[in-house]
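One structure is given here, and the rest of the page talks about it.
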Amino acid sequence: MEDRLFRTAMGKFATGVTVITTKVGENLHGMTANAFMSVSLNPKLVLISIGEKANMNQLIKESGKFAVSVLNESQQDLSAYFAGQIKEERNVKFDTFNEMPVIKDALVNLTCNVHESVIAGDHTLYIGEVTDLRVEDGEPLGFFEGKYKKVV
Ligand code: FAD
Ligand code: NAD
């Protein structure tokens, strides 16, 4: 099967967009991800899927922690930036929540400790136990057929 056909098919599944963040010592790092899901209510678990070549993968392995920020409709530029699609180095000012870097004004900020990780092909699935979260009102940034979409 062609990679392009697989991506086209997966792109038909409309999602929101998140920025995953972590820190190792003073090194803060962010990466755009739409592979995010809620897993369990008791305990509170979520899942993210990180490509093996992503810098984020090594950093989460080292820190054992990550945060998820669910982007709002006005944060498309941040999504493109943290996907490496804007070729300029910015001095990003993260917000701090539960001692973790997060994206300010996102619809949700949540922090996790890695509960379990599973290597799945060329990605690693990180199941995180949620240690704290906060929620803001607003409209989400959507992603469908490889493009950003308004959800409402
Ligand atoms: P890098 O390329 O190292 O970093 C990304 C960008 O953020 C760079 O420009 C870097 O300079 C900047 N940056 C990071 N931290 C800081 C900081 N502290 N200060 C200033 N700048 C900083 N990949 C997946 O593995 N899983 C997914 O679920 C996923 N979903 C995606 C969804 C969308 C909508 C898009 C557009 C991309 C998605 N990707 C996903 C691809 C992923 O975002 C990119 O491949 C990403 O560049 C790889 O992450 P990295 O850790 O290597 O990031
Ligand atoms: P696209 O058409 O490549 O993506 C459509 C869908 O395909 C995505 O929503 C995702 O579900 C799936 N997908 C894409 N690349 C994948 C990968 N390497 N592994 C597993 N699933 C993947 O959309 P686009 O706008 O061209 O994407 C921009 C860049 O971000 C591309 O380089 C793409 O590979 C990457 N991306 C990676 C993932 C991921 O690793 N899970 C998810 C989305 C986008």
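Ligands are numbered from 1 in the order shown, residues from 1 within each chain, and chains are lettered A, B, ... in the order they appear in the structure tokens.
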* Asked: Within 9 Å of ligand 1, counting only C-alpha atoms and all ligand atoms: which residues, as a PyMOL selection string?
  -> chain A and resi 15-23+27-36+48-59+78-94+101+123-124+142-144+146-148
* To do: Write out as a PyMOL selection string the residues lying within 10 Å of Gly64 of chain A, counting only C-alpha atoms and excluding same-chain residues fewer than 6 positions away.
  => chain A and resi 22-24+112-117+126+128
* Give me the residues within 9 Å of Asn98 of chain A as a ChimeraX atom specification, counting only C-alpha atoms and dropping any in the same chain fewer than 6 places off. => /A:110-111,131-133
Keeping N, CA and C atoms for every residue in the selection just given, could you write it to a file as a PDB file, in the first residue's frame?
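Written out: out.pdb:
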```pdb
ATOM      1  N   LEU A 110      -2.902  20.243  29.981  1.00  0.00           N
ATOM      2  CA  LEU A 110      -2.853  19.159  30.959  1.00  0.00           C
ATOM      3  C   LEU A 110      -1.436  18.633  31.073  1.00  0.00           C
ATOM      4  N   THR A 111      -1.099  18.181  32.267  1.00  0.00           N
ATOM      5  CA  THR A 111       0.241  17.659  32.519  1.00  0.00           C
ATOM      6  C   THR A 111       0.134  16.176  32.869  1.00  0.00           C
ATOM      7  N   THR A 131      -1.811  14.554  35.748  1.00  0.00           N
ATOM      8  CA  THR A 131      -1.525  15.017  37.108  1.00  0.00           C
ATOM      9  C   THR A 131      -2.267  16.308  37.432  1.00  0.00           C
ATOM     10  N   ASP A 132      -2.613  17.097  36.398  1.00  0.00           N
ATOM     11  CA  ASP A 132      -3.414  18.306  36.619  1.00  0.00           C
ATOM     12  C   ASP A 132      -3.919  18.802  35.261  1.00  0.00           C
ATOM     13  N   LEU A 133      -5.005  19.556  35.279  1.00  0.00           N
ATOM     14  CA  LEU A 133      -5.468  20.178  34.024  1.00  0.00           C
ATOM     15  C   LEU A 133      -6.263  21.431  34.303  1.00  0.00           C
TER      16      LEU A 133
END
```
* Asked: DSSP says strand (DSSP E) for which residues of segment 7-119 of chain A? Put them as a PyMOL selection string?
  -> chain A and resi 15-16+18-24+27-33+36-40+45-51+65-70+95-97+100-102+108-119
* Neighbour list for Asp137 of chain A as a count of residues only, cut-off 10 Å, only C-alpha atoms, skip fewer than 5 positions in-chain -> 5
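DSSP secondary structure from the backbone places A:Asp3, A:Arg4, A:Leu5, A:Phe6, A:Arg7, A:Thr8, A:Ala9, A:Met10, A:Asn55, A:Met56, A:Asn57, A:Gln58, A:Leu59, A:Ile60, A:Lys61, A:Glu62, A:Ser63, A:Gln76, A:Asp77, A:Leu78, A:Ser79, A:Ala80, A:Tyr81, A:Phe82 of chain A in alpha helix (DSSP H).
Distance check against Val102 of chain A using only C-alpha atoms: of A:Ile119, A:Lys150, A:Lys12, A:Phe66, the minimum falls on A:Phe66.
Between atom 33 (C, counted along the ligand's line) of ligand 2 and atom CA of Glu62 of chain A the interatomic distance comes to 24.3 Å.
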* To do: Quick one: pull the distance between atom 12 (C, counted along the ligand's line) of ligand 2 and atom CA of Glu139 of chain A, Å, one decimal.
  => 23.0 Å
* To do: Between A:Val118, A:Leu125, A:Val68, A:Met100, single out the one closest to ligand 2, counting only C-alpha atoms and all ligand atoms.
  => A:Leu125
* To do: Excluding Asn109 of chain A and any residue of its chain fewer than 6 positions from it, enumerate the residues within 8 Å of it, using only C-alpha atoms, and give them as a list of chain:residue names.
  => A:Ala67, A:Val68, A:Ser69, A:Val70, A:Phe97, A:Val102, A:Ile103, A:Leu133, A:Arg134, A:Val135
Selection from above, C-alpha atoms, as a PDB file, in the first residue's frame, can you write it?
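Dumped to again.pdb:
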```
ATOM      1  CA  ALA A  67       2.107  18.325  28.786  1.00  0.00           C
ATOM      2  CA  VAL A  68      -0.642  18.644  26.171  1.00  0.00           C
ATOM      3  CA  SER A  69      -2.107  21.988  25.038  1.00  0.00           C
ATOM      4  CA  VAL A  70      -5.255  21.781  22.889  1.00  0.00           C
ATOM      5  CA  PHE A  97       1.421  25.072  34.592  1.00  0.00           C
ATOM      6  CA  VAL A 102       2.489  24.843  28.191  1.00  0.00           C
ATOM      7  CA  ILE A 103       0.894  27.016  25.478  1.00  0.00           C
ATOM      8  CA  LEU A 133      -5.468  20.178  34.024  1.00  0.00           C
ATOM      9  CA  ARG A 134      -7.214  23.462  33.321  1.00  0.00           C
ATOM     10  CA  VAL A 135      -9.831  24.400  30.715  1.00  0.00           C
TER      11      VAL A 135
END
```
* **Distance criterion (only C-alpha atoms and all ligand atoms): nearest to ligand 2 out of A:Phe6, A:Lys44, A:Asp122, A:Gly11** => A:Gly11
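Atom CA of Leu71 of chain A lies 9.6 Å from atom CA of Gly138 of chain A.
Of the residues listed (A:Lys149, A:Lys104, A:Lys61, A:Arg7), A:Arg7 shows the shortest atom-to-atom separation from ligand 2; distances use only C-alpha atoms and all ligand atoms.
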